[in-house]
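S.K.: Pasting my_file-v6.json here (JSON, C-alpha atoms):
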```json
[["chain", "number", "residue", "atom", "x", "y", "z"],
["A", 1307, "MET", "CA", 20.12, -19.79, 20.08],
["A", 1308, "LEU", "CA", 22.55, -18.56, 17.39],
["A", 1309, "GLN", "CA", 20.77, -20.69, 14.76],
["A", 1310, "GLN", "CA", 17.41, -19.20, 15.81],
["A", 1311, "GLN", "CA", 18.84, -15.66, 15.49],
["A", 1312, "GLN", "CA", 20.19, -16.48, 12.01],
["A", 1313, "GLN", "CA", 16.78, -17.82, 10.95],
["A", 1314, "GLN", "CA", 15.13, -14.64, 12.25],
["A", 1315, "GLN", "CA", 17.50, -12.51, 10.20],
["A", 1316, "GLN", "CA", 16.60, -14.44, 7.03],
["A", 1317, "LYS", "CA", 12.88, -13.82, 7.40],
["A", 1318, "PRO", "CA", 11.43, -10.50, 6.21],
["A", 1319, "ASP", "CA", 9.08, -10.24, 9.20],
["A", 1320, "SER", "CA", 10.20, -10.85, 12.76],
["A", 1321, "PRO", "CA", 8.52, -13.71, 14.64],
["A", 1322, "ARG", "CA", 6.95, -11.16, 16.99],
["A", 1323, "ALA", "CA", 4.90, -9.89, 14.04],
["A", 1324, "SER", "CA", 3.94, -13.38, 12.87],
["A", 1325, "GLN", "CA", 0.79, -15.36, 13.52],
["A", 1326, "GLU", "CA", 0.55, -19.06, 14.23],
["A", 1327, "GLY", "CA", 0.96, -21.00, 10.98],
["A", 1328, "PHE", "CA", 2.60, -18.03, 9.21],
["A", 1329, "ASN", "CA", 6.14, -16.69, 8.96],
["A", 1330, "GLY", "CA", 4.72, -13.16, 8.75],
["A", 1331, "LYS", "CA", 1.19, -11.78, 8.98],
["A", 1332, "ASN", "CA", -1.92, -13.33, 7.43],
["A", 1333, "THR", "CA", -2.92, -10.87, 4.71],
["A", 1334, "CYS", "CA", -5.96, -12.81, 3.47],
["A", 1335, "SER", "CA", -9.53, -12.15, 4.49],
["A", 1336, "GLY", "CA", -12.10, -14.69, 5.55],
["A", 1337, "SER", "CA", -11.23, -18.25, 6.45],
["A", 1338, "GLY", "CA", -8.10, -18.53, 4.29],
["A", 1339, "ILE", "CA", -7.34, -20.65, 1.25],
["A", 1340, "GLN", "CA", -10.24, -22.70, -0.12],
["A", 1341, "ALA", "CA", -10.24, -26.35, 0.95],
["A", 1342, "LYS", "CA", -10.13, -27.63, -2.65],
["A", 1343, "LEU", "CA", -8.22, -25.76, -5.35],
["A", 1344, "ARG", "CA", -8.00, -26.39, -9.08],
["A", 1345, "TYR", "CA", -4.91, -27.61, -10.97],
["A", 1346, "ASN", "CA", -3.72, -29.84, -8.11],
["A", 1347, "MET", "CA", -2.74, -26.87, -5.92],
["A", 1348, "THR", "CA", -4.54, -28.14, -2.79],
["A", 1349, "GLY", "CA", -2.16, -28.88, 0.08],
["A", 1350, "ARG", "CA", 0.94, -28.39, -2.07],
["A", 1351, "VAL", "CA", 4.16, -27.74, -0.15],
["A", 1352, "ASP", "CA", 7.65, -26.68, -1.19],
["A", 1353, "GLU", "CA", 8.78, -30.27, -1.78],
["A", 1354, "ARG", "CA", 11.88, -29.22, -3.73],
["A", 1355, "GLY", "CA", 13.06, -26.53, -1.29],
["A", 1356, "GLU", "CA", 12.78, -23.73, -3.85],
["A", 1357, "LEU", "CA", 11.50, -20.98, -1.54],
["A", 1358, "PRO", "CA", 13.98, -18.58, 0.09],
["A", 1359, "PHE", "CA", 13.10, -19.89, 3.56],
["A", 1360, "PRO", "CA", 10.88, -22.71, 4.86],
["A", 1361, "LEU", "CA", 7.12, -22.42, 5.11],
["A", 1362, "ALA", "CA", 5.81, -22.14, 8.66],
["A", 1363, "GLU", "CA", 4.77, -25.34, 10.37],
["A", 1364, "GLY", "CA", 1.51, -26.53, 8.80],
["A", 1365, "GLU", "CA", 1.61, -23.84, 6.09],
["A", 1366, "THR", "CA", 0.93, -24.89, 2.48],
["A", 1367, "LEU", "CA", 2.46, -23.30, -0.59],
["A", 1368, "PRO", "CA", -0.81, -21.53, -1.51],
["A", 1369, "THR", "CA", -1.19, -20.14, 2.01],
["A", 1370, "GLY", "CA", 2.42, -18.97, 2.09],
["A", 1371, "ILE", "CA", 2.51, -17.39, -1.36],
["A", 1372, "CYS", "CA", -1.01, -15.91, -1.36],
["A", 1373, "CYS", "CA", -1.54, -14.96, 2.30],
["A", 1374, "ASP", "CA", 1.75, -14.78, 4.26],
["A", 1375, "SER", "CA", 3.27, -11.28, 4.27],
["A", 1376, "ALA", "CA", 6.75, -12.77, 4.63],
["A", 1377, "TYR", "CA", 6.49, -14.22, 1.11],
["A", 1378, "ALA", "CA", 5.04, -11.10, -0.61],
["A", 1379, "PRO", "CA", 8.32, -10.34, -2.42],
["A", 1380, "TYR", "CA", 8.59, -13.95, -3.63],
["A", 1381, "ALA", "CA", 6.75, -16.14, -6.09],
["A", 1382, "GLU", "CA", 5.87, -19.79, -6.20],
["A", 1383, "PRO", "CA", 8.53, -21.88, -7.98],
["A", 1384, "ARG", "CA", 9.03, -20.89, -11.61],
["A", 1385, "PHE", "CA", 7.33, -23.24, -14.11],
["A", 1386, "LEU", "CA", 5.17, -24.82, -11.39],
["A", 1387, "PHE", "CA", 2.26, -24.56, -13.86],
["A", 1388, "ASN", "CA", 4.14, -26.93, -16.18],
["A", 1389, "ARG", "CA", 4.90, -29.77, -13.76],
["A", 1390, "SER", "CA", 3.34, -33.08, -14.73],
["A", 1391, "ASP", "CA", 1.12, -33.21, -11.64],
["A", 1392, "VAL", "CA", -0.20, -29.69, -12.39],
["A", 1393, "ALA", "CA", -0.26, -29.64, -16.21],
["A", 1394, "LEU", "CA", -2.10, -26.33, -16.50],
["A", 1395, "PHE", "CA", -2.22, -26.06, -20.28],
["A", 1396, "PRO", "CA", -3.08, -29.70, -21.02],
["A", 1397, "THR", "CA", -5.88, -29.30, -18.46],
["A", 1398, "LEU", "CA", -7.12, -26.10, -20.13],
["A", 1399, "GLN", "CA", -6.80, -27.55, -23.64],
["A", 1400, "GLY", "CA", -10.24, -29.18, -23.59],
["A", 1401, "GLN", "CA", -12.09, -26.43, -21.72],
["A", 1402, "GLU", "CA", -14.40, -23.88, -23.25],
["A", 1403, "ARG", "CA", -12.68, -20.53, -23.73],
["A", 1404, "PRO", "CA", -12.11, -18.09, -22.32],
["A", 1405, "VAL", "CA", -11.26, -19.87, -19.06],
["A", 1406, "THR", "CA", -12.06, -18.02, -15.83],
["A", 1407, "PHE", "CA", -9.45, -17.99, -13.04],
["A", 1408, "TYR", "CA", -10.76, -17.44, -9.49],
["A", 1409, "ASP", "CA", -9.27, -16.10, -6.28],
["A", 1410, "SER", "CA", -8.01, -19.03, -4.15],
["A", 1411, "VAL", "CA", -9.37, -17.41, -0.99],
["A", 1412, "CYS", "CA", -12.66, -15.66, -1.71],
["A", 1413, "GLY", "CA", -13.54, -17.25, -5.06],
["A", 1414, "ILE", "CA", -14.20, -14.07, -7.04],
["A", 1415, "PRO", "CA", -13.43, -14.17, -10.77],
["A", 1416, "LEU", "CA", -10.11, -12.48, -11.52],
["A", 1417, "PHE", "CA", -9.09, -13.18, -15.11],
["A", 1418, "ARG", "CA", -10.69, -14.61, -18.24],
["A", 1419, "ALA", "CA", -8.16, -15.88, -20.75],
["A", 1420, "PRO", "CA", -7.34, -15.87, -23.50],
["A", 1421, "LEU", "CA", -8.98, -12.66, -24.74],
["A", 1422, "ASN", "CA", -7.63, -10.65, -27.68],
["A", 1423, "ARG", "CA", -5.00, -13.33, -28.25],
["A", 1424, "SER", "CA", -4.93, -17.02, -29.08],
["A", 1425, "PHE", "CA", -4.61, -19.90, -26.64],
["A", 1426, "GLU", "CA", -1.15, -20.56, -28.09],
["A", 1427, "GLU", "CA", -0.11, -16.94, -27.49],
["A", 1428, "PHE", "CA", -1.32, -17.21, -23.87],
["A", 1429, "ARG", "CA", 0.64, -20.46, -23.43],
["A", 1430, "ALA", "CA", 3.78, -19.07, -25.10],
["A", 1431, "GLU", "CA", 3.84, -15.91, -23.00],
["A", 1432, "THR", "CA", 3.35, -17.94, -19.82],
["A", 1433, "ALA", "CA", 6.12, -20.37, -20.81],
["A", 1434, "GLU", "CA", 8.48, -17.51, -21.70],
["A", 1435, "HIS", "CA", 8.04, -15.86, -18.31],
["A", 1436, "GLY", "CA", 7.61, -18.93, -16.11],
["A", 1437, "TRP", "CA", 4.31, -17.97, -14.46],
["A", 1438, "PRO", "CA", 0.78, -17.58, -15.83],
["A", 1439, "SER", "CA", 0.75, -14.22, -17.63],
["A", 1440, "PHE", "CA", -2.32, -12.12, -18.32],
["A", 1441, "ARG", "CA", -3.05, -8.87, -20.15],
["A", 1442, "PRO", "CA", -5.37, -5.96, -19.20],
["A", 1443, "ALA", "CA", -8.18, -7.15, -21.51],
["A", 1444, "GLU", "CA", -8.35, -10.37, -19.46],
["A", 1445, "VAL", "CA", -8.89, -8.70, -16.06],
["A", 1446, "VAL", "CA", -12.34, -8.96, -14.49],
["A", 1447, "ALA", "CA", -13.05, -5.27, -13.86],
["A", 1448, "GLY", "CA", -13.01, -4.18, -10.23],
["A", 1449, "ASN", "CA", -11.60, -7.43, -8.85],
["A", 1450, "VAL", "CA", -7.87, -6.89, -9.38],
["A", 1451, "LYS", "CA", -5.56, -3.99, -8.60],
["A", 1452, "ILE", "CA", -1.89, -3.17, -9.01],
["A", 1453, "LEU", "CA", -0.30, -1.61, -5.93],
["A", 1454, "GLU", "CA", 2.36, 1.13, -6.10],
["A", 1455, "ASN", "CA", 5.08, -1.46, -5.45],
["A", 1456, "GLY", "CA", 3.95, -3.53, -8.45],
["A", 1457, "TYR", "CA", 2.26, -6.28, -6.44],
["A", 1458, "VAL", "CA", -1.04, -7.51, -7.85],
["A", 1459, "VAL", "CA", -3.81, -8.21, -5.33],
["A", 1460, "SER", "CA", -7.48, -9.10, -5.51],
["A", 1461, "LYS", "CA", -10.15, -6.89, -3.98],
["A", 1462, "CYS", "CA", -10.29, -9.53, -1.21],
["A", 1463, "GLY", "CA", -6.64, -8.79, -0.37],
["A", 1464, "THR", "CA", -5.16, -12.00, -1.76],
["A", 1465, "HIS", "CA", -1.63, -11.53, -3.10],
["A", 1466, "LEU", "CA", -1.74, -12.76, -6.70],
["A", 1467, "GLY", "CA", 1.70, -11.93, -8.10],
["A", 1468, "SER", "CA", 3.36, -8.94, -9.77],
["A", 1469, "ASN", "CA", 2.93, -6.51, -12.64],
["A", 1470, "LEU", "CA", 5.97, -6.94, -14.88],
["A", 1471, "PRO", "CA", 5.37, -4.74, -17.93],
["A", 1472, "ASP", "CA", 7.05, -5.58, -21.21],
["A", 1473, "GLU", "CA", 7.10, -4.02, -24.69],
["A", 1474, "LYS", "CA", 3.36, -4.81, -25.04],
["A", 1475, "GLY", "CA", 2.47, -3.00, -21.77],
["A", 1476, "THR", "CA", 1.00, -4.21, -18.50],
["A", 1477, "ARG", "CA", 1.57, -7.90, -17.85],
["A", 1478, "TYR", "CA", 0.12, -9.62, -14.81],
["A", 1479, "CYS", "CA", 2.57, -12.40, -13.86],
["A", 1480, "LEU", "CA", 0.72, -14.47, -11.32],
["A", 1481, "ASP", "CA", 1.12, -17.39, -8.97],
["A", 1482, "LEU", "CA", -1.11, -20.25, -10.09],
["A", 1483, "SER", "CA", -1.58, -21.12, -6.40],
["A", 1484, "CYS", "CA", -3.44, -17.83, -5.91],
["A", 1485, "ILE", "CA", -5.70, -18.00, -8.99],
["A", 1486, "SER", "CA", -6.77, -21.66, -8.68],
["A", 1487, "GLY", "CA", -9.89, -21.07, -6.63],
["A", 1488, "ASN", "CA", -13.44, -22.11, -7.31],
["A", 1489, "PRO", "CA", -16.35, -19.71, -7.75],
["A", 1490, "GLN", "CA", -18.10, -18.82, -4.49]]
```
Using the file provided, produce a representation of the structure as structure tokens.

M.R.:
Amino acid sequence: MLQQQQQQQQKPDSPRASQEGFNGKNTCSGSGIQAKLRYNMTGRVDERGELPFPLAEGETLPTGICCDSAYAPYAEPRFLFNRSDVALFPTLQGQERPVTFYDSVCGIPLFRAPLNRSFEEFRAETAEHGWPSFRPAEVVAGNVKILENGYVVSKCGTHLGSNLPDEKGTRYCLDLSCISGNPQ
């Protein structure tokens, strides 16, 4: 019982507010994360124990990071995009540019990159920060918004990441899990 109380105190949302398969509330619309995601994000879990608390039973990393309210203040593991089984930039290397990134839940286009910068600048900024990083010119108009708390969400309600401005201005620092969808 004491261990259960300690676990409850570690979670941002109480279990009474949670839904089955989530630590918190399901914030995504529709039927949840797409069955097949790009960049080897499908079914990924927190195999290295890098999240602040465990995913709910049966919850995948994309579902937790993109749709579980308990994880809203957190991001997927830093440099996940660079792991050998993900290899975002080697995968993008041969693709026609700009590359379109889609919502992992509803499949709407979110970002087209790189625009107004080179592929190498896009890669370098992402590597410097640790998560895919986008600029305002790369946003698909009307599909992405920044909330007052700095969270970035799609018009479908999918949590995408955070706005972390730097000396160049607005910078969308996003979870690859949430922008790895396919067009719907």

S.K.: What's the separation between atom CA of A:Phe1440 and atom CA of A:Arg1384, in Å to one decimal place?

M.R.: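 According to the coordinates, atom CA of A:Phe1440 and atom CA of A:Arg1384 are separated by 15.8 Å.
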
S.K.: Residues within 7 Å of (-9.9, -21.2, -23.6), file coordinates, counting all atoms listed in the file: what are they? Give the list as a list in words.

M.R.: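 Neighbouring residues, ordered by chain and number, come to Leu1398, Gln1401, Glu1402, Arg1403, Pro1404, Val1405, Ala1419, Pro1420 and Phe1425 of chain A.
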
S.K.: Give me the residues within 12 Å of A:Glu1382 as number ranges by chain, counting only C-alpha atoms and dropping any in the same chain fewer than 5 places off.

M.R.: A: 1347, 1350-1358, 1361, 1366-1372, 1377, 1387, 1436-1438, 1465-1468, 1479-1484

S.K.: Rank A:His1435, A:Arg1429, A:Lys1451, A:Arg1389 by their smallest atom-to-atom distance to A:Leu1470, using all atoms listed in the file, and report the top residue only.

M.R.: A:His1435

S.K.: Provide the atom CA of A:Ala1447 to atom CA of A:Glu1431 distance in Å, to one decimal place.

M.R.: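 These atoms are spaced 22.0 Å apart.
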
S.K.: Mind giving me the straight-line distance from atom CA of A:Gly1336 to atom CA of A:Cys1462 in Å, one decimal?

M.R.: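 Computing the Euclidean distance for atom CA of A:Gly1336 and atom CA of A:Cys1462 yields 8.7 Å.
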
S.K.: Smallest atom-to-atom distance to A:Asn1488: which of A:Asp1391, A:Glu1363, A:Asp1409, A:Asp1472, using all atoms listed in the file?

M.R.: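 Selected residue with least distance to A:Asn1488: A:Asp1409.
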
S.K.: In terms of the shortest atom-to-atom distance over all atoms listed in the file, which of A:Asn1469, A:Cys1412, A:Asn1329, A:Ser1335 is closest to A:Asn1449?

M.R.: A:Cys1412
